[in-house]
Structure formats: structure tokens, C-alpha cells
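Structure first, commentary second.
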Amino acid sequence: MVGVTMTVNGEAVVGEVENRTLLVHFLRENLQLTGTHVGCDTSQCGACVVQVDGASVKACAMLAVQADGCQVATIEGLNDGKTLHPMQQAFMDHHGLQCGFCTPGMVMSALDIVQRHGNTVDEATIRHELEGNLCRCTGYHNIVNAIAAGAAAMGDETESAEV
Amino acid sequence: MYQFEYHKPASIEAAIELMNEAEDGKFIAGGQTMLPTMKHRLASPTDLVDLGKIEGLQSVRVDAETVTIGAMTTHAAVAASVDIRQAIPALAALAGNIGDPAVRNRGTLGGSIANNDPAADYPAALIALNAIVQTNSREIAAEDFFTGMFETALEENEIITQVRFACPTQASYQKFANPASRYAIAGVFAANFSSGLRIGVTGATAVAHRGARLEAALAGKQDPAAIAAALQGVALPVEKMNNDIHASAEYRADLVKTLTRKAVLACL
Ligand SMILES: Cc1cc2nc3c(=O)[nH]c(=O)nc-3n(C[C@H](O)[C@H](O)[C@H](O)COP(=O)(O)OP(=O)(O)OC[C@H]3O[C@@H](n4cnc5c(N)ncnc54)[C@H](O)[C@@H]3O)c2cc1C
Ligand code: FES
Ligand code: FES
């Protein structure tokens with residue numbers, strides 16, 4: 001076993017892992033952050049997407065030891081447990097989920113999309129950017145709508161924060 | 001995944017020393033191929049030597065004639081690089097269509113070409129752009145680098161440090177992507193140089209190759225009708241084409257010509 005140190009959702013954490021422990025298992029089993037899901041374990045579905053040093057990655061395709069010293073953001077860090085993050089709220093408002101299994105990965109990918117493409121990101125771009133996230137329920141349409149609305153809402157929020 | 005030792009050396013020398021000491025060591029770059037391979041137990045190295053902390057392997061340098069990209073540069077970084085987008089837009093676009101955003105944020109140029117998947121995108125670009133693969137010990141021309149399916153000219157424990165691409169006057173990469181993985185069912189990279197047209201083909205055969213027949217047929221053709229007619233006359237060897245669940249050999253032979261036409265027209 002080896003020690004790893006990282007910042008997860010703004011808090012410093014330490015843990016003991018095997019070299020072969022995947023980041024997603026470290027998050028789920030050591031830290032009990034079970035919002036990050038394992039859908040396939042073969043890099044296909046995107047249910048495990050988290051952000052490492054600000055970039056979205058599949059946490060099933062990264063070792064915990066590779067994330068040593070990194071800043072990790074998971075779905076649990078998005079809100080304070082009382083008010084939903086605007087992107088989460090948009091998924092709720094636009095029926096962007098049914099069973100919800102893909103949703104944490106979808107939301108984390110959505111935030112990455114907003115970060116790179118801004119608050120007015122168009123539908124074609126959203127669809128292209130979602131290539132690594134699978135959903136077996138919704139047919140994607142409402143997810144795409146939710147991301148467009150969430151992106152816009154995040155823009156409104158930064159604007160009002162700036163005022 | 002079986003248990004292994006994990007190392008994160010800070011220099012190329014240290015990485016090679018660790019590999020020499022290891023019973024059965026493997027380098028890991030972005031891990032997007034390595035980790036799935038280990039999960040499937042198709043590889044079970046005793047030691048993983050992570051190239052992620054070695055300085056200088058993530059650089060991008062552009063001058064009038066060449067674009068030089070460090071082996072550990074991610075696909076996302078190549079796609080987003082303003083310098084590469086200016087110098088060889090087709091190369092940045094190729095990187096931006098590999099897999100999906102999360103794969104692009106981890107996967108690297110060095111890992112992609114060392115792995116040499118027959119359906120990978122970069123090999124077509126390296127061949128068309130007359131690239132030189134630089135390792136810790138030597139330089140290898142792209143056409144000599146990709147030797148077979150998942151096989152390269154790399155010696156044991158040799159590290160790719162960077163790849164130097166020649167800047168074309170025009171270039172275009174056209175791929176017909178597998179809708180699930182985004183890997184190329186076939187992909188054609190066409191590049192115009194003052195010395196003539198170069199074509200790299202991936203996905204179609206066991207290993208990416210130079211489209212010599214296509215180049216010969218298209219030499220000097222500038223007019224869309226002439227280009228289409230010239231391609232009609234090319235007979236690609238169907239027996240060399242991949243034949244799998246994704247596409248038949250005949251289909252791929254035809255697809256390569258279609259993609260070549262699109263790529264060459266985009267270069268006009
Ligand atoms: C869902 C998914 C979709 C994908 N879609 C595409 C696609 O559309 N097109 C495409 O081209 N690829 C695709 N890929 C592959 C992706 O591009 C990988 O990034 C790439 O194959 C391997 O790069 P890596 O940095 O992750 O290397 P790793 O997986 O870390 O390593 C791969 C191999 O290269 C060796 N290696 C790594 N770096 C070096 C080096 N500097 N010197 C010597 N040896 C080295 C390793 O030892 C290992 O054997 C996809 C992958 C996934 C998971
Ligand atoms: S669990 Fe990681 S991509 Fe499916
Ligand atoms: S909501 Fe069920 S998988 Fe997407």
C-alpha cells in the first residue's frame with residue numbers, strides 16, 4: 001500500500017491505496033463519494049467522469065497514484081446540500097435524467113463543456129462534446145437541452161456576481 | 001488488473017534505468033490504452049513507469065517549416081494549441097476528433113504512436129507530414145516507424161520524446177469514424193508540399209501506410225473532375241484491406257478513395 005494526498009472538492013484528503021487502485025474506486029470506496037459511478041469500467045460510458053486539475057477525465061481510466069497531488073472535483077462538490085448547482089437545476093427542469101445513473105458524469109462533462117465553450121454553446125457542439133457519455137434512458141435530447149440551459153444559467157450567475 | 005510497482009521518475013535517464021531494472025516494465029503515458037489492456041489482463045507488467053512527471057515532454061514548438069510536439073502532449077492540448085491551429089490546422093482538427101473529451105484530456109501523441117493501433121488517427125498524419133519521431137537515442141522517419149499491427153521500430157525501453165512534423169501548404173484529414181469508439185474505420189491525411197502531394201492512410205490495412213498509388217494517380221491534378229476521374233482509375237489491393245465486423249475489405253478499399261477525394265479537394 002502507498003499513501004496518496006489530493007485535494008478533493010476543495011478539501012485535502014490522504015489515503016492508502018494499492019498501486020492498481022483506480023481513481024474511481026479511491027473516490028467511491030476510500031472517500032465514500034459514491035456520486036461518481038462505474039457504468040462500464042472500459043472507458044466507454046462516461047458515468048465516472050470527474051475533473052482532475054480542471055480537466056474532465058474518466059476516473060476508471062486513471063490510477064489513484066496518478067492523481068497524487070492533484071485537485072479533483074466530483075459531483076458532490078457542486079453544491080452545499082441545500083441549493084442545486086445551476087447545471088443540476090437545469091437537468092431537473094429539463095428532464096435531463098430518468099434513472100440518473102449517467103447523470104453525475106453528464107453534469108461533470110457539461111461543466112467542462114461550459115468551461116471551454118462558454119455560456120452560449122450551441123447544440124451541435126454539445127452533442128459532439130458528449131461523445132464519451134452514454135445514457136440508456138433519455139435519448140439525449142433533454143440532456144442537450146439541459147446543458148444549453150445550464151450553461152446560460154451559469155452565465156447569468158457570473159453576471160449577477162459581477163454586478 | 002494484477003499488482004505492479006509504480007514509478008514516477010523526473011527524468012528520461014531515470015525512467016530508462018527503472019525500466020532496465022524492472023523484470024517486465026512498461027511505460028505509461030495517458031493510460032487510455034495501457035490501463036484497459038491491463039484490466040483485460042492482456043498485459044501484466046511488473047512495473048509501470050509513468051512518463052507524466054518528466055519535464056520537457058509536453059512542449060509545442062512551431063517555426064516556419066516544422067511543428068514539434070512533445071510526446072506527452074495530450075490530444076486536447078494539440079487541438080487547442082493556437083500555434084498548431086495556425087501552422088497545420090488539419091493536425092489540430094485530427095487531435096480534436098480523437099475519441100471523446102475525457103480521452104483527449106489524458107491520451108498523448110507518444111502513447112498513440114507507440115501503441116500503433118491500426119485504426120488510430122495520428123499515424124496517417126505522421127506519414128503524410130513526413131514526420132520524424134525523436135526518441136531518447138535516435139530519429140526515426142515516420143514511414144520506417146510504423147512496422148506492423150501494434151508494432152513499431154521502437155527498441156525495448158526506448159522513449160519517444162517528440163515528433164517533428166513538416167508544415168505543408170495545405171492539408172486535410174478525413175476519417176470515417178466508428179460511431180461508438182471514434183476510431184477510424186478508414187482515415188486519409190492529404191498534405192500538399194512544394195515537392196508534391198503526400199497521402200497517409202490509416203484504418204484500412206494492418207498498419208498505416210503511404211498512399212503511393214493514390215499520390216501517383218493524383219500528381220498534378222488540380223481540377224475536381226480530373227481528381228475524381230484519376231481516383232476512379234486507381235485499383236487498391238482489396239486483399240490487403242482489413243475485413244472485420246466494422247467494414248468489409250471491399251468497402252474499405254472504396255472508402256479510402258472517397259476519403260482521399262474529400263481530403264484532396266479540401267486542399268485545393
Ligand atoms: C474510448 C476511447 C476512444 C478512443 N478513440 C480514439 C480515436 O478515435 N482515435 C485514436 O487515434 N485513438 C483513440 N483512442 C486511443 C487514445 O488516443 C489513446 O490516447 C492512445 O491510444 C494511447 O495514448 P496514451 O497516452 O493513453 O498511452 P498509454 O495508454 O499510456 O500507452 C500506450 C502504449 O504506448 C507506450 N508509450 C506511451 N508513451 C510512450 C513514449 N513516450 N515512448 C515510448 N512508449 C510509450 C506505453 O508503454 C503503452 O505500451 C481512444 C481511446 C479510448 C479509451
Ligand atoms: S465507468 Fe468509466 S467510462 Fe464507464
Ligand atoms: S438517465 Fe438513465 S442512463 Fe441516463
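Ordering of the C-alpha cells sets the chain letters (A, B, ...); residue numbers start at 1 within each chain; ligands are numbered from 1 in the order shown.
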Item to check | Site check for ligand 3: residues at most 12 Å away, only C-alpha atoms and all ligand atoms, as a ChimeraX atom specification | outcome: /A:37-40,45-47,91-92,95-107,133-144
Residues at most 10 Å from Asp63 of chain B, counting only C-alpha atoms, excluding those fewer than 6 positions away in the same chain, as a PDB file with all heavy atoms, in the first residue's frame?
```pdb
ATOM      1  N   ASP B  83      -0.874  27.916 -31.887  1.00  0.00           N
ATOM      2  CA  ASP B  83       0.237  27.817 -32.843  1.00  0.00           C
ATOM      3  C   ASP B  83       0.028  26.681 -33.839  1.00  0.00           C
ATOM      4  O   ASP B  83       0.259  26.840 -35.027  1.00  0.00           O
ATOM      5  CB  ASP B  83       1.562  27.604 -32.093  1.00  0.00           C
ATOM      6  CG  ASP B  83       1.979  28.854 -31.337  1.00  0.00           C
ATOM      7  OD1 ASP B  83       1.492  29.941 -31.701  1.00  0.00           O
ATOM      8  OD2 ASP B  83       2.783  28.732 -30.392  1.00  0.00           O
ATOM      9  N   ALA B  87      -0.409  26.775 -37.885  1.00  0.00           N
ATOM     10  CA  ALA B  87       0.612  26.177 -38.754  1.00  0.00           C
ATOM     11  C   ALA B  87       0.053  24.990 -39.546  1.00  0.00           C
ATOM     12  O   ALA B  87       0.279  24.873 -40.742  1.00  0.00           O
ATOM     13  CB  ALA B  87       1.815  25.744 -37.922  1.00  0.00           C
ATOM     14  N   ALA B 166       6.559  18.221 -40.754  1.00  0.00           N
ATOM     15  CA  ALA B 166       6.843  19.252 -41.754  1.00  0.00           C
ATOM     16  C   ALA B 166       5.556  20.021 -42.040  1.00  0.00           C
ATOM     17  O   ALA B 166       4.480  19.415 -42.144  1.00  0.00           O
ATOM     18  CB  ALA B 166       7.365  18.603 -43.034  1.00  0.00           C
ATOM     19  N   CYS B 167       5.644  21.347 -42.138  1.00  0.00           N
ATOM     20  CA  CYS B 167       4.448  22.167 -42.410  1.00  0.00           C
ATOM     21  C   CYS B 167       4.111  22.122 -43.895  1.00  0.00           C
ATOM     22  O   CYS B 167       4.927  22.509 -44.727  1.00  0.00           O
ATOM     23  CB  CYS B 167       4.685  23.620 -42.008  1.00  0.00           C
ATOM     24  SG  CYS B 167       4.838  23.845 -40.245  1.00  0.00           S
TER      25      CYS B 167
END
```
Each residue of chain B lying at most 8 Å from ligand 1 should get a row with its shortest atom-to-atom pair and the distance in Å to one decimal, counting only C-alpha atoms and all ligand atoms; could you produce that, ordered by chain and increasing number, as a Markdown table?
```
| residue | atom | partner | partner_atom_place_in_ligand_line | distance |
| --- | --- | --- | --- | --- |
| B:Lys26 | CA | ligand 1 | 47 (O) | 4.9 |
| B:Phe27 | CA | ligand 1 | 47 (O) | 3.7 |
| B:Ile28 | CA | ligand 1 | 30 (O) | 3.8 |
| B:Ala29 | CA | ligand 1 | 30 (O) | 3.4 |
| B:Gly30 | CA | ligand 1 | 25 (O) | 3.4 |
| B:Gly31 | CA | ligand 1 | 30 (O) | 3.3 |
| B:Gln32 | CA | ligand 1 | 26 (O) | 3.6 |
| B:Thr33 | CA | ligand 1 | 29 (O) | 3.4 |
| B:Met34 | CA | ligand 1 | 29 (O) | 3.6 |
| B:Leu35 | CA | ligand 1 | 29 (O) | 6.3 |
| B:Pro36 | CA | ligand 1 | 53 (C) | 7.6 |
| B:Leu51 | CA | ligand 1 | 41 (N) | 7.0 |
| B:Ala71 | CA | ligand 1 | 41 (N) | 5.1 |
| B:Met72 | CA | ligand 1 | 41 (N) | 6.3 |
| B:Thr74 | CA | ligand 1 | 25 (O) | 7.2 |
| B:His75 | CA | ligand 1 | 17 (O) | 7.4 |
| B:Asn97 | CA | ligand 1 | 8 (O) | 6.5 |
| B:Ile98 | CA | ligand 1 | 8 (O) | 3.8 |
| B:Gly99 | CA | ligand 1 | 5 (N) | 3.3 |
| B:Asp100 | CA | ligand 1 | 3 (C) | 6.3 |
| B:Val103 | CA | ligand 1 | 52 (C) | 5.7 |
| B:Arg104 | CA | ligand 1 | 19 (O) | 6.7 |
| B:Arg106 | CA | ligand 1 | 26 (O) | 6.1 |
| B:Gly107 | CA | ligand 1 | 19 (O) | 3.1 |
| B:Thr108 | CA | ligand 1 | 25 (O) | 3.6 |
| B:Leu109 | CA | ligand 1 | 25 (O) | 6.4 |
| B:Gly110 | CA | ligand 1 | 41 (N) | 4.4 |
| B:Gly111 | CA | ligand 1 | 27 (O) | 3.4 |
| B:Ser112 | CA | ligand 1 | 20 (C) | 3.8 |
| B:Ile113 | CA | ligand 1 | 34 (O) | 7.1 |
| B:Ala114 | CA | ligand 1 | 34 (O) | 4.4 |
| B:Asn115 | CA | ligand 1 | 33 (C) | 4.4 |
| B:Asn116 | CA | ligand 1 | 21 (O) | 7.5 |
| B:Asp117 | CA | ligand 1 | 21 (O) | 6.9 |
| B:Ala119 | CA | ligand 1 | 11 (O) | 6.5 |
| B:Ala120 | CA | ligand 1 | 11 (O) | 3.2 |
| B:Asp121 | CA | ligand 1 | 11 (O) | 3.9 |
| B:Tyr122 | CA | ligand 1 | 11 (O) | 5.9 |
| B:Thr135 | CA | ligand 1 | 42 (N) | 7.4 |
| B:Leu154 | CA | ligand 1 | 43 (C) | 7.4 |
| B:Asn157 | CA | ligand 1 | 43 (C) | 7.4 |
| B:Glu158 | CA | ligand 1 | 43 (C) | 5.9 |
| B:Ile159 | CA | ligand 1 | 42 (N) | 3.7 |
| B:Ile160 | CA | ligand 1 | 42 (N) | 3.8 |
| B:Thr161 | CA | ligand 1 | 41 (N) | 5.8 |
| B:Gln162 | CA | ligand 1 | 41 (N) | 7.8 |
| B:Ala177 | CA | ligand 1 | 8 (O) | 7.0 |
| B:Asn178 | CA | ligand 1 | 8 (O) | 7.9 |
| B:Ser181 | CA | ligand 1 | 3 (C) | 4.8 |
| B:Arg182 | CA | ligand 1 | 8 (O) | 3.8 |
| B:Tyr183 | CA | ligand 1 | 8 (O) | 3.4 |
| B:Ala184 | CA | ligand 1 | 8 (O) | 6.2 |
```
Next on the checklist: To test your reading of the structure, identify every residue in segment 14-156 of chain A that backbone DSSP assigns to strand (DSSP E), and report it as a PyMOL selection string.
Outcome noted: chain A and resi 14-17+49-52+55-58+71-73
Checklist entry - Quick one: residues within 9 Å of Ile227 of chain B, only C-alpha atoms counted, chain neighbours fewer than 3 positions away excluded, as a list of chain:residue names? => result B:Ala217, B:Leu218, B:Lys221, B:Gln222, B:Asp223, B:Pro224, B:Ala230, B:Leu231, B:Gln232, B:Arg261, B:Val264, B:Leu265
Checklist outcome for this item: Among B:Ala102, B:Leu18, B:Ala80, B:His40, ligand 2 is approached most closely, using only C-alpha atoms and all ligand atoms, by B:Ala102
Item to check | Expected answer as a PyMOL selection string: chain A residues within 12 Å of chain B, only C-alpha atoms | outcome: chain A and resi 1-2+17-23+40-69+105-106+108-110+112-113+116-117+125-134
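Compared by their closest atoms to Leu111 of chain A, and using only C-alpha atoms, the residues A:Val24, A:Ala153, A:Ala124, A:Val13 rank with A:Ala153 nearest.
Note that the spacing between atom CA of Pro86 of chain A and atom CA of Glu29 of chain A amounts to 27.9 Å.
With only C-alpha atoms as the atoms that count, the residue of A:Met154, A:Leu31, A:Ala146, A:Leu78 with the shortest distance to Val114 of chain A is A:Met154.
Of the listed residues (A:Gln115, A:Thr83, A:Thr36, A:Asn30), A:Thr36 comes nearest to ligand 2; the distances count only C-alpha atoms and all ligand atoms.
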Checklist entry - Can you list, as a ChimeraX atom specification, every protein, DNA or RNA residue that comes within 7 Å of segment 252-254 of chain B when you count only C-alpha atoms, leaving out same-chain residues fewer than 5 positions away? => result /B:186,204,236,238,241,247
Selected residues written out, N, CA, C and O atoms, as a compact mmCIF listing (two decimals), in the first residue's frame:
```txt
# COMPACT_ATOMS: atom_id res chain seq x y z
N ALA B 186 -11.67 4.01 -41.64
CA ALA B 186 -10.58 4.40 -42.52
C ALA B 186 -10.37 5.89 -42.34
O ALA B 186 -11.32 6.63 -42.01
N ALA B 204 -7.37 1.32 -42.75
CA ALA B 204 -7.75 0.46 -43.87
C ALA B 204 -7.00 -0.86 -43.89
O ALA B 204 -7.54 -1.89 -44.27
N LEU B 236 -7.11 -0.30 -55.68
CA LEU B 236 -6.42 -0.57 -54.41
C LEU B 236 -6.50 -2.07 -54.12
O LEU B 236 -7.51 -2.71 -54.42
N VAL B 238 -7.53 -5.05 -52.61
CA VAL B 238 -8.58 -5.43 -51.66
C VAL B 238 -8.06 -6.48 -50.66
O VAL B 238 -8.40 -6.45 -49.48
N MET B 241 -6.74 -5.10 -47.44
CA MET B 241 -7.61 -4.29 -46.60
C MET B 241 -8.12 -5.10 -45.39
O MET B 241 -8.34 -6.31 -45.49
N ALA B 247 -16.39 -3.22 -41.14
CA ALA B 247 -16.48 -2.99 -42.59
C ALA B 247 -15.74 -4.09 -43.34
O ALA B 247 -14.74 -4.61 -42.85
```
Checklist entry - What does the distance from atom CA of Asn79 of chain A to atom CA of Val121 of chain A come to in Å, to one decimal? => result 22.9 Å
Write out as a CSV table (one decimal) with N, CA and C atoms, in the first residue's frame each polymer residue whose atoms come within 8 Å of Ala208 of chain B, counting only C-alpha atoms; drop sequence neighbours fewer than 2 positions from it.
```
chain,number,residue,atom,x,y,z
B,118,PRO,N,-4.1,-0.1,-35.5
B,118,PRO,CA,-4.3,0.1,-36.9
B,118,PRO,C,-5.4,1.1,-37.2
B,123,PRO,N,-1.1,8.2,-36.9
B,123,PRO,CA,-0.2,7.6,-37.9
B,123,PRO,C,-0.4,8.1,-39.3
B,124,ALA,N,-1.6,8.4,-39.7
B,124,ALA,CA,-1.8,8.9,-41.0
B,124,ALA,C,-1.2,10.3,-41.2
B,146,PHE,N,6.2,2.9,-38.3
B,146,PHE,CA,5.1,2.0,-38.1
B,146,PHE,C,5.3,0.7,-38.9
B,200,GLY,N,-1.3,9.9,-46.4
B,200,GLY,CA,-1.2,8.9,-45.3
B,200,GLY,C,-2.5,8.2,-45.1
B,201,VAL,N,-2.6,6.9,-45.0
B,201,VAL,CA,-3.8,6.2,-44.9
B,201,VAL,C,-3.8,5.3,-43.6
B,202,THR,N,-4.8,5.5,-42.8
B,202,THR,CA,-4.9,4.6,-41.6
B,202,THR,C,-6.3,3.9,-41.6
B,203,GLY,N,-6.4,2.9,-40.7
B,203,GLY,CA,-7.6,2.2,-40.5
B,203,GLY,C,-7.9,1.1,-41.6
B,204,ALA,N,-7.4,1.3,-42.8
B,204,ALA,CA,-7.8,0.5,-43.9
B,204,ALA,C,-7.0,-0.9,-43.9
B,205,THR,N,-5.7,-0.8,-43.5
B,205,THR,CA,-4.9,-2.0,-43.6
B,205,THR,C,-4.3,-2.3,-42.2
B,206,ALA,N,-3.5,-3.4,-42.1
B,206,ALA,CA,-2.9,-3.8,-40.8
B,206,ALA,C,-2.1,-2.7,-40.1
B,210,ARG,N,1.7,4.8,-46.6
B,210,ARG,CA,1.7,5.9,-47.5
B,210,ARG,C,0.8,5.5,-48.7
```
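Nearest to ligand 2 of all the residues A:Gly155, A:Val72, A:Asn119, A:His25 is A:His25, counting only C-alpha atoms and all ligand atoms.
Taking only C-alpha atoms into account, Val8 of chain A lies nearest to A:Cys70 out of the set A:Cys70, A:Ala152, A:Met87, A:Ile147.
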Item to check | Which of segment 4-103 of chain A fall in alpha helix (DSSP H), as a PyMOL selection string | outcome: chain A and resi 23-25+86-93+103
